[in-house]
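Enquirer: work-v4.cif is reproduced in full below (mmCIF, C-alpha atoms).
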data_final
loop_
_atom_site.label_atom_id
_atom_site.label_comp_id
_atom_site.auth_asym_id
_atom_site.auth_seq_id
_atom_site.Cartn_x
_atom_site.Cartn_y
_atom_site.Cartn_z
CA MET R 1 -12.96 37.42 -5.15
CA ILE R 2 -10.15 35.27 -6.57
CA ASN R 3 -7.02 36.60 -4.90
CA ASN R 4 -3.53 35.11 -4.84
CA LYS R 5 -4.46 32.79 -1.96
CA LYS R 6 -7.23 31.23 -4.03
CA LEU R 7 -4.99 30.93 -7.07
CA LYS R 8 -2.48 29.07 -4.92
CA GLU R 9 -5.27 26.77 -3.76
CA TYR R 10 -6.26 26.11 -7.39
CA TRP R 11 -2.68 25.31 -8.33
CA GLU R 12 -1.99 23.08 -5.32
CA PHE R 13 -5.27 21.19 -5.79
CA TYR R 14 -4.46 20.58 -9.46
CA GLN R 15 -0.80 19.58 -8.95
CA PHE R 16 -1.48 17.28 -6.00
CA THR R 17 -4.36 15.47 -7.73
CA LEU R 18 -2.32 15.13 -10.93
CA GLU R 19 0.67 13.65 -9.09
CA ASN R 20 -1.42 11.52 -6.69
CA PRO R 21 -4.19 9.84 -8.70
CA ASN R 22 -7.01 8.19 -6.76
CA CYS R 23 -6.44 10.45 -3.76
CA SER R 24 -9.21 10.95 -1.21
CA ARG R 25 -10.97 14.16 -0.33
CA GLU R 26 -9.31 14.06 3.08
CA GLY R 27 -5.87 13.62 1.48
CA ILE R 28 -6.39 16.63 -0.79
CA ILE R 29 -7.64 18.77 2.11
CA ALA R 30 -4.64 17.78 4.25
CA HIS R 31 -2.26 18.75 1.43
CA LEU R 32 -4.00 22.09 0.88
CA ARG R 33 -3.78 22.91 4.59
CA GLU R 34 -0.06 22.15 4.62
CA SER R 35 0.87 23.81 1.31
CA THR R 36 -1.20 26.98 1.75
CA GLU R 37 -0.73 27.22 5.53
CA GLY R 38 -4.39 28.09 5.84
CA SER R 39 -7.69 26.75 7.03
CA VAL R 40 -9.25 24.47 4.41
CA SER R 41 -12.71 23.04 5.12
CA VAL R 42 -14.90 20.58 3.24
CA ALA R 43 -16.82 23.62 1.94
CA THR R 44 -13.52 25.07 0.62
CA PHE R 45 -12.80 21.73 -1.07
CA ASP R 46 -16.23 21.69 -2.73
CA ARG R 47 -15.80 25.29 -3.92
CA LEU R 48 -12.36 24.56 -5.40
CA LYS R 49 -13.65 21.41 -7.08
CA LYS R 50 -16.52 23.35 -8.67
CA ASP R 51 -14.28 26.24 -9.78
CA LEU R 52 -11.65 23.97 -11.33
CA ARG R 53 -14.26 22.05 -13.27
CA GLU R 54 -15.62 25.36 -14.59
CA LEU R 55 -12.08 26.17 -15.73
CA GLY R 56 -11.97 22.97 -17.78
CA LEU R 57 -10.35 20.45 -15.43
CA ALA R 58 -11.71 16.95 -16.02
CA LEU R 59 -11.73 15.99 -12.35
CA ILE R 60 -13.23 12.53 -11.94
CA HIS R 61 -14.44 10.95 -8.71
CA GLN R 62 -15.09 7.26 -8.22
CA LYS R 63 -16.19 6.13 -4.77
CA SER R 64 -13.93 3.09 -4.74
CA GLU R 65 -10.86 4.92 -6.10
CA GLY R 66 -11.06 8.58 -5.11
CA TYR R 67 -10.25 11.62 -7.28
CA PHE R 68 -8.15 11.62 -10.44
CA ILE R 69 -7.66 13.84 -13.50
CA ASN R 70 -8.52 12.72 -17.00
CA GLU R 71 -5.62 14.45 -18.77
CA SER R 72 -6.89 13.77 -22.29
CA LYS R 73 -10.04 15.78 -21.50
CA SER R 74 -8.20 18.56 -19.64
CA ALA R 75 -6.40 20.19 -22.59
CA GLU R 76 -8.10 23.53 -22.06
CA PHE R 77 -7.29 23.52 -18.37
CA LYS R 78 -3.61 22.81 -19.05
CA LYS R 79 -3.44 26.06 -20.99
CA ARG R 80 -5.15 27.82 -18.11
CA ALA R 81 -2.80 26.22 -15.57
CA ALA R 82 0.13 28.14 -17.06
CA PHE R 83 -2.11 31.19 -17.22
CA ILE R 84 -3.00 30.83 -13.52
CA GLN R 85 0.72 30.90 -12.72
CA VAL R 86 1.16 34.11 -14.73
CA ILE R 87 -1.62 36.00 -13.00
CA ASN R 88 -0.69 34.54 -9.61
CA HIS R 89 2.88 35.85 -9.86
CA GLY R 90 1.64 39.09 -11.38
CA GLY R 91 -0.78 39.74 -8.54
CA ILE R 92 -3.75 40.15 -10.91
CA VAL R 93 -7.10 39.71 -9.15
CA ALA R 94 -10.26 38.19 -10.63
CA LYS R 95 -13.72 38.05 -9.07
CA LYS R 96 -14.81 34.60 -10.26
CA PRO R 97 -13.65 31.66 -12.43
CA ASN R 98 -15.45 33.00 -15.52
CA GLU R 99 -13.36 36.16 -15.26
CA LEU R 100 -10.21 34.02 -15.32
CA LYS R 101 -11.43 32.42 -18.55
CA GLN R 102 -12.14 35.89 -19.97
CA MET R 103 -8.57 37.03 -19.12
CA LEU R 104 -7.20 34.08 -21.08
CA LYS R 105 -8.15 35.88 -24.30
CA TYR R 106 -5.55 38.56 -23.55
CA ILE R 107 -2.63 36.52 -22.21
CA HIS R 108 -0.97 33.56 -23.91
CA ALA R 109 1.60 31.42 -22.14
CA ASN R 110 3.04 28.21 -23.55
CA GLU R 111 2.59 25.31 -21.16
CA SER R 112 6.23 24.26 -21.61
CA ALA R 113 7.47 27.67 -20.45
CA PHE R 114 6.22 26.87 -16.94
CA LYS R 115 7.37 23.28 -16.62
CA GLY R 116 8.85 22.84 -13.18
CA ASN R 117 7.95 26.37 -12.05
CA GLU R 118 5.63 24.97 -9.39
CA ASN R 119 8.83 24.04 -7.51
CA LEU R 120 10.29 27.56 -7.48
CA GLU R 121 8.83 28.66 -4.16
CA PHE R 122 9.93 25.42 -2.47
CA LEU R 123 13.46 25.68 -3.90
CA ILE R 124 13.81 29.31 -2.82
CA GLN R 125 12.84 28.37 0.72
CA CYS R 126 15.38 25.53 0.72
CA CYS R 127 18.10 27.95 -0.40
CA VAL R 128 17.15 30.42 2.33
CA LYS R 129 16.90 27.79 5.08
CA ALA R 130 19.94 25.75 3.89
CA ASN R 131 17.84 22.59 3.56
CA GLU R 132 19.47 19.68 1.73
CA ILE R 133 17.21 18.49 -1.10
CA GLN R 134 16.81 15.28 -3.05
CA PHE R 135 15.37 14.78 -6.52
CA ASN R 136 15.60 12.70 -9.67
CA HIS R 137 17.24 14.60 -12.51
CA TYR R 138 16.97 13.52 -16.14
CA HIS R 139 20.08 13.91 -18.31
CA TYR R 140 19.00 14.62 -21.89
CA GLN R 141 22.25 13.50 -23.51
CA LYS R 142 22.74 10.33 -21.44
CA LYS R 143 18.99 9.60 -21.45
CA VAL R 144 19.01 8.51 -17.84
CA ALA R 145 17.59 9.84 -14.56
CA LYS R 146 19.73 9.86 -11.43
CA THR R 147 18.86 10.56 -7.82
CA LYS R 148 20.76 13.58 -6.52
CA ASN R 149 21.26 14.96 -3.02
CA VAL R 150 22.06 18.65 -3.37
CA HIS R 151 22.96 21.63 -1.18
CA PRO R 152 21.04 24.45 -2.96
CA TYR R 153 22.72 27.86 -3.17
CA GLN R 154 20.67 29.76 -5.73
CA ILE R 155 18.00 29.51 -8.41
CA ARG R 156 18.99 31.04 -11.73
CA GLU R 157 17.13 31.81 -14.97
CA HIS R 158 18.50 31.57 -18.50
CA GLN R 159 16.41 31.97 -21.67
CA GLY R 160 13.13 31.14 -19.96
CA ARG R 161 14.42 28.10 -18.09
CA TRP R 162 15.06 27.99 -14.35
CA TYR R 163 17.96 26.11 -12.78
CA ILE R 164 18.86 25.17 -9.24
CA ILE R 165 22.54 25.85 -8.52
CA GLY R 166 24.23 23.90 -5.76
CA LEU R 167 26.80 21.41 -4.55
CA ASP R 168 26.44 17.66 -4.91
CA ALA R 169 26.09 16.60 -1.27
CA ASP R 170 28.08 13.43 -1.96
CA SER R 171 30.84 15.14 -4.01
CA PRO R 172 31.01 18.83 -3.01
CA LYS R 173 34.64 19.03 -4.22
CA PHE R 174 33.39 19.22 -7.81
CA GLY R 175 31.98 22.69 -7.14
CA LEU R 176 28.71 24.25 -8.20
CA ILE R 177 26.48 22.30 -10.58
CA SER R 178 23.30 23.45 -12.35
CA PHE R 179 20.14 21.35 -12.68
CA GLY R 180 17.26 22.38 -14.95
CA ILE R 181 14.10 22.32 -12.86
CA ASP R 182 12.10 21.22 -15.91
CA ARG R 183 13.95 17.90 -15.60
CA ILE R 184 13.42 17.44 -11.86
CA THR R 185 10.94 14.97 -10.35
CA ASP R 186 10.27 13.62 -6.86
CA LEU R 187 11.64 16.76 -5.22
CA LYS R 188 11.81 16.76 -1.40
CA THR R 189 14.03 17.68 1.53
CA THR R 190 16.22 15.05 3.16
CA GLY R 191 15.56 16.47 6.60
CA LYS R 192 19.16 17.63 6.86
CA ASN R 193 20.60 21.12 6.92
CA PHE R 194 23.96 22.08 5.45
CA GLU R 195 26.50 24.73 6.32
CA ARG R 196 26.90 27.18 3.47
CA ASP R 197 30.48 27.64 2.27
CA LYS R 198 31.05 31.40 2.48
CA LYS R 199 33.77 31.17 -0.16
CA ILE R 200 31.25 30.03 -2.76
CA ASN R 201 29.45 32.84 -4.60
CA PRO R 202 27.20 31.72 -7.48
CA ASP R 203 27.07 35.24 -8.95
CA GLU R 204 30.87 35.35 -9.08
CA TYR R 205 30.99 31.78 -10.40
CA TYR R 206 28.89 32.74 -13.44
CA ARG R 207 30.18 36.29 -13.73
CA ASN R 208 32.29 35.70 -16.85
CA VAL R 209 30.01 33.36 -18.80
CA ILE R 210 26.89 33.56 -20.91
CA GLY R 211 24.43 30.82 -20.01
CA MET R 212 24.69 27.93 -17.59
CA PHE R 213 27.98 26.33 -18.65
CA SER R 214 30.59 27.33 -16.10
CA SER R 215 34.20 27.56 -17.21
CA LYS R 216 37.59 27.64 -15.54
CA LYS R 217 39.04 29.29 -18.63
CA LYS R 218 39.99 32.94 -18.33
CA PRO R 219 37.56 35.36 -19.99
CA GLU R 220 38.57 36.66 -23.41
CA THR R 221 37.72 39.76 -25.38
CA ILE R 222 35.09 38.74 -27.93
CA ILE R 223 34.41 41.14 -30.82
CA LEU R 224 31.25 40.64 -32.86
CA SER R 225 29.73 42.47 -35.82
CA THR R 226 26.05 42.82 -36.67
CA ASP R 227 23.73 45.05 -38.68
CA GLU R 228 22.51 48.19 -36.96
CA SER R 229 18.92 46.95 -36.75
CA THR R 230 19.94 43.76 -34.91
CA TRP R 231 22.23 45.77 -32.65
CA ASN R 232 19.16 47.60 -31.35
CA TYR R 233 17.91 44.30 -29.89
CA PHE R 234 21.28 43.57 -28.29
CA ASN R 235 21.48 47.08 -26.92
CA ALA R 236 18.00 46.80 -25.38
CA LEU R 237 18.72 43.37 -23.86
CA PRO R 238 22.53 42.99 -23.52
CA TRP R 239 24.05 39.54 -23.74
CA HIS R 240 26.34 40.22 -20.78
CA HIS R 241 27.17 43.00 -18.31
CA SER R 242 30.54 43.49 -20.06
CA GLN R 243 28.92 44.30 -23.44
CA GLU R 244 30.19 47.54 -25.01
CA LEU R 245 29.57 49.15 -28.37
CA ILE R 246 32.82 49.82 -30.26
CA ASP R 247 31.46 51.69 -33.27
CA ILE R 248 28.74 51.85 -35.91
CA VAL R 249 30.03 52.36 -39.45
CA ASP R 250 28.04 52.05 -42.69
CA GLY R 251 25.13 50.36 -40.94
CA ARG R 252 27.35 47.76 -39.18
CA ALA R 253 27.78 47.73 -35.42
CA GLU R 254 30.84 46.23 -33.75
CA PHE R 255 30.60 45.40 -30.07
CA GLN R 256 32.66 43.50 -27.56
CA LEU R 257 32.17 41.20 -24.58
CA THR R 258 34.62 39.89 -22.03
CA VAL R 259 33.56 36.31 -21.37
CA SER R 260 34.79 32.72 -21.40
CA ILE R 261 34.13 30.72 -24.55
CA THR R 262 31.44 28.17 -23.69
CA PRO R 263 28.88 26.09 -25.64
CA ASP R 264 26.15 28.57 -24.64
CA LEU R 265 28.10 31.47 -26.18
CA VAL R 266 28.49 29.53 -29.43
CA LYS R 267 24.77 28.66 -29.43
CA GLU R 268 23.81 32.28 -28.90
CA ILE R 269 25.93 33.41 -31.86
CA VAL R 270 24.56 30.64 -34.08
CA ARG R 271 21.01 31.52 -32.98
CA TRP R 272 21.44 35.01 -34.42
CA SER R 273 22.99 33.85 -37.68
CA PRO R 274 23.13 35.14 -40.39
CA ASN R 275 22.82 38.55 -38.69
CA ILE R 276 26.04 38.27 -36.72
CA LYS R 277 29.70 37.60 -37.41
CA VAL R 278 32.63 36.78 -35.12
CA ILE R 279 35.53 39.17 -35.66
CA MET R 280 37.77 37.72 -32.96
CA PRO R 281 39.14 35.53 -31.48
CA ALA R 282 39.89 33.03 -34.23
CA SER R 283 39.23 30.07 -31.90
CA LEU R 284 35.61 31.18 -31.40
CA LYS R 285 35.22 31.81 -35.12
CA ARG R 286 36.30 28.22 -35.84
CA LYS R 287 33.83 26.81 -33.31
CA VAL R 288 30.92 28.78 -34.82
CA ILE R 289 31.88 27.77 -38.38
CA ALA R 290 32.04 24.10 -37.32
CA VAL R 291 28.52 24.23 -35.86
CA LEU R 292 27.13 26.03 -38.94
CA GLU R 293 28.77 23.53 -41.30
CA LYS R 294 27.38 20.62 -39.29
CA GLY R 295 23.90 22.14 -39.56
CA LEU R 296 24.24 22.73 -43.30
CA ALA R 297 25.37 19.12 -43.79
CA LEU R 298 21.93 17.98 -42.67
CA TYR R 299 20.47 19.54 -45.83
CA ASN R 300 22.93 17.92 -48.24
#
Could you write out this structure as structure tokens?
Expert:
Amino acid sequence: MINNKKLKEYWEFYQFTLENPNCSREGIIAHLRESTEGSVSVATFDRLKKDLRELGLALIHQKSEGYFINESKSAEFKKRAAFIQVINHGGIVAKKPNELKQMLKYIHANESAFKGNENLEFLIQCCVKANEIQFNHYHYQKKVAKTKNVHPYQIREHQGRWYIIGLDADSPKFGLISFGIDRITDLKTTGKNFERDKKINPDEYYRNVIGMFSSKKKPETIILSTDESTWNYFNALPWHHSQELIDIVDGRAEFQLTVSITPDLVKEIVRWSPNIKVIMPASLKRKVIAVLEKGLALYN
């Protein structure tokens, strides 16, 4: 029976071999023993190898070089890798690899939605144990990767992406910083522990914002207007804990939020255009109009 332990073995085997091409059987077994905290024999290795190949992984072995993955021939497995994560976290149990393939007909998960998620368990443990971590983080705007030493305080999700929230170990005075885990590579602990600052509360830090941009600006009352149909979506999944309906008149719903004006708030409003309108404040209205005009200019 394929339980969560076996799914973890699948995932660890795949990730380790992908990140360490030409690895030996002994190296893979040693990693599996450490990462799964279980007994992994040569027979277990052979069983995992067979199962993963059945699931579409192009696992190649050359005596002189060891094991490596032919990514161009593993397209089907990449889809299933995200799928394995879904059923692993969901606690779904299969009896054999063919049953996993059968389940794939009923669940679809984009590969990109899980990028970096293999690090979640490790990051949570580092937060709990106050372990200092090190990683390379790629900055999309600056187009450069930098090595960061971080004191992790929390992991946080926003619109399907996970972030690690923490202090820069070299410049803690700058306060909490967020790092998208989809942009993190070479993640490890530094072997050091840090003392958590009891005055720092990530939940309070992000209490008055939508998204991952923190702000020192005081929260403002934001009033928005939308059609009643769109309001049903906002009512089912509120933008923020401060969201309140003001009134619904002639098929238009007005609602308010008490948040700081940040780039993520502007993006969220633009994302729902043309179904939403800013009533106040005027400063937010100007920011939204500027973004919309810039987008329209691309079509002129």
Enquirer: Give me, as a list in words, all polymer residues having an atom no more than 6 Å from segment 183-199 of chain R, counting all atoms listed in the file and skipping those fewer than 4 positions away in the same chain.
Expert: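 Contacts, with the query itself left out: Ala130, Asn131, Glu132, Ile133, Gln134, Phe135, Asn136, His137 and Tyr138 of chain R.
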Enquirer: Given the selection you just returned, output its residues as a file containing C-alpha atoms, formatted as a PDB file, keeping the file's coordinate frame.
Expert:
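And here is the file that came out, selection-v5.pdb:
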ATOM      1  CA  ALA R 130      19.940  25.750   3.890  1.00  0.00           C
ATOM      2  CA  ASN R 131      17.840  22.590   3.560  1.00  0.00           C
ATOM      3  CA  GLU R 132      19.470  19.680   1.730  1.00  0.00           C
ATOM      4  CA  ILE R 133      17.210  18.490  -1.100  1.00  0.00           C
ATOM      5  CA  GLN R 134      16.810  15.280  -3.050  1.00  0.00           C
ATOM      6  CA  PHE R 135      15.370  14.780  -6.520  1.00  0.00           C
ATOM      7  CA  ASN R 136      15.600  12.700  -9.670  1.00  0.00           C
ATOM      8  CA  HIS R 137      17.240  14.600 -12.510  1.00  0.00           C
ATOM      9  CA  TYR R 138      16.970  13.520 -16.140  1.00  0.00           C
TER      10      TYR R 138
END
Enquirer: Looking at R:Glu228, R:Tyr206, R:Phe213, R:Cys127, which one is nearest to His241 of chain R, with distances taken over only C-alpha atoms?
Expert: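 Nearest candidate to His241 of chain R out of R:Glu228, R:Tyr206, R:Phe213, R:Cys127: R:Tyr206.
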Enquirer: At what distance in Å, to one decimal, does atom CA of Glu118 of chain R lie from atom CA of Val42 of chain R?
Expert: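 Going from atom CA of Val42 of chain R over to atom CA of Glu118 of chain R, I get 24.5 Å.
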Enquirer: What is the distance, in Å and to one decimal place, between atom CA of Val150 of chain R and atom CA of Ser260 of chain R?
Expert: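 These atoms are spaced 26.2 Å apart.
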Enquirer: One decimal, Å: what's the distance from atom CA of Asp51 of chain R over to atom CA of Glu65 of chain R, could you say?
Expert: 21.9 Å
Enquirer: Which of these, R:Lys142, R:Ser24, R:Phe234, R:Asn208, has the shortest distance to Ser64 of chain R once you count only C-alpha atoms?
Expert: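 Smallest distance to Ser64 of chain R is found for R:Ser24.
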Enquirer: Using the chain letters and residue numbers of this document, give as a PyMOL selection string the residues selected by the PyMOL selection byres ((chain R and resi 288) around 12).
Expert: chain R and resi 261-274+276-287+289-295
Enquirer: Given the file shown, enumerate the residues that the PyMOL selection byres ((chain R and resi 254) around 8) captures and present them as a PDB file with C-alpha atoms, in the coordinates of the input.
Expert:
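The resulting file, result_17.pdb, is shown below:
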ATOM      1  CA  ILE R 223      34.410  41.140 -30.820  1.00  0.00           C
ATOM      2  CA  LEU R 224      31.250  40.640 -32.860  1.00  0.00           C
ATOM      3  CA  SER R 225      29.730  42.470 -35.820  1.00  0.00           C
ATOM      4  CA  THR R 226      26.050  42.820 -36.670  1.00  0.00           C
ATOM      5  CA  LEU R 245      29.570  49.150 -28.370  1.00  0.00           C
ATOM      6  CA  ILE R 246      32.820  49.820 -30.260  1.00  0.00           C
ATOM      7  CA  ASP R 247      31.460  51.690 -33.270  1.00  0.00           C
ATOM      8  CA  ILE R 248      28.740  51.850 -35.910  1.00  0.00           C
ATOM      9  CA  ARG R 252      27.350  47.760 -39.180  1.00  0.00           C
ATOM     10  CA  ALA R 253      27.780  47.730 -35.420  1.00  0.00           C
ATOM     11  CA  PHE R 255      30.600  45.400 -30.070  1.00  0.00           C
ATOM     12  CA  GLN R 256      32.660  43.500 -27.560  1.00  0.00           C
TER      13      GLN R 256
END
Enquirer: Taking the file as shown, what set of residues would the PyMOL selection byres ((chain R and resi 172) around 12) give back, as number ranges by chain?
Expert: R: 149-152, 166-171, 173-177, 194-197, 200
Enquirer: Select, from R:Lys73, R:Lys115, R:Lys143, R:Lys148, the residue with the minimum atom-to-atom distance to Arg161 of chain R, counting all atoms listed in the file.
Expert: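 Among R:Lys73, R:Lys115, R:Lys143, R:Lys148, it is R:Lys115 that comes nearest to Arg161 of chain R.
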Enquirer: Name the residues within 7 Å of (-15.6, 17.0, 0.3), counting all atoms listed in the file in the file's coordinates, and put them as a compact mmCIF listing (two decimals) with C-alpha atoms, keeping the file's coordinate frame.
Expert:
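Here's the written file selection_36.txt:
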# COMPACT_ATOMS: atom_id res chain seq x y z
CA ARG R 25 -10.97 14.16 -0.33
CA VAL R 42 -14.90 20.58 3.24
CA ALA R 43 -16.82 23.62 1.94
CA PHE R 45 -12.80 21.73 -1.07
CA ASP R 46 -16.23 21.69 -2.73
Enquirer: Between R:Phe179, R:Trp231, R:Phe77, R:Phe122, single out the one closest to Ser35 of chain R, counting all atoms listed in the file.
Expert: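 Smallest separation from Ser35 of chain R among the options: R:Phe122.
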Enquirer: Which residue gives the smallest distance to Ser74 of chain R among R:Glu121, R:Ile165, R:Tyr14, R:His158, with only C-alpha atoms counted?
Expert: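 Among the listed residues, R:Tyr14 lies closest to Ser74 of chain R.
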Enquirer: So which one's closest to Met212 of chain R, R:Thr258, R:Gly38, R:Gln159, R:Asp250? Using all atoms listed in the file, please.
Expert: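 Among the listed residues, the smallest separation from Met212 of chain R belongs to R:Gln159.
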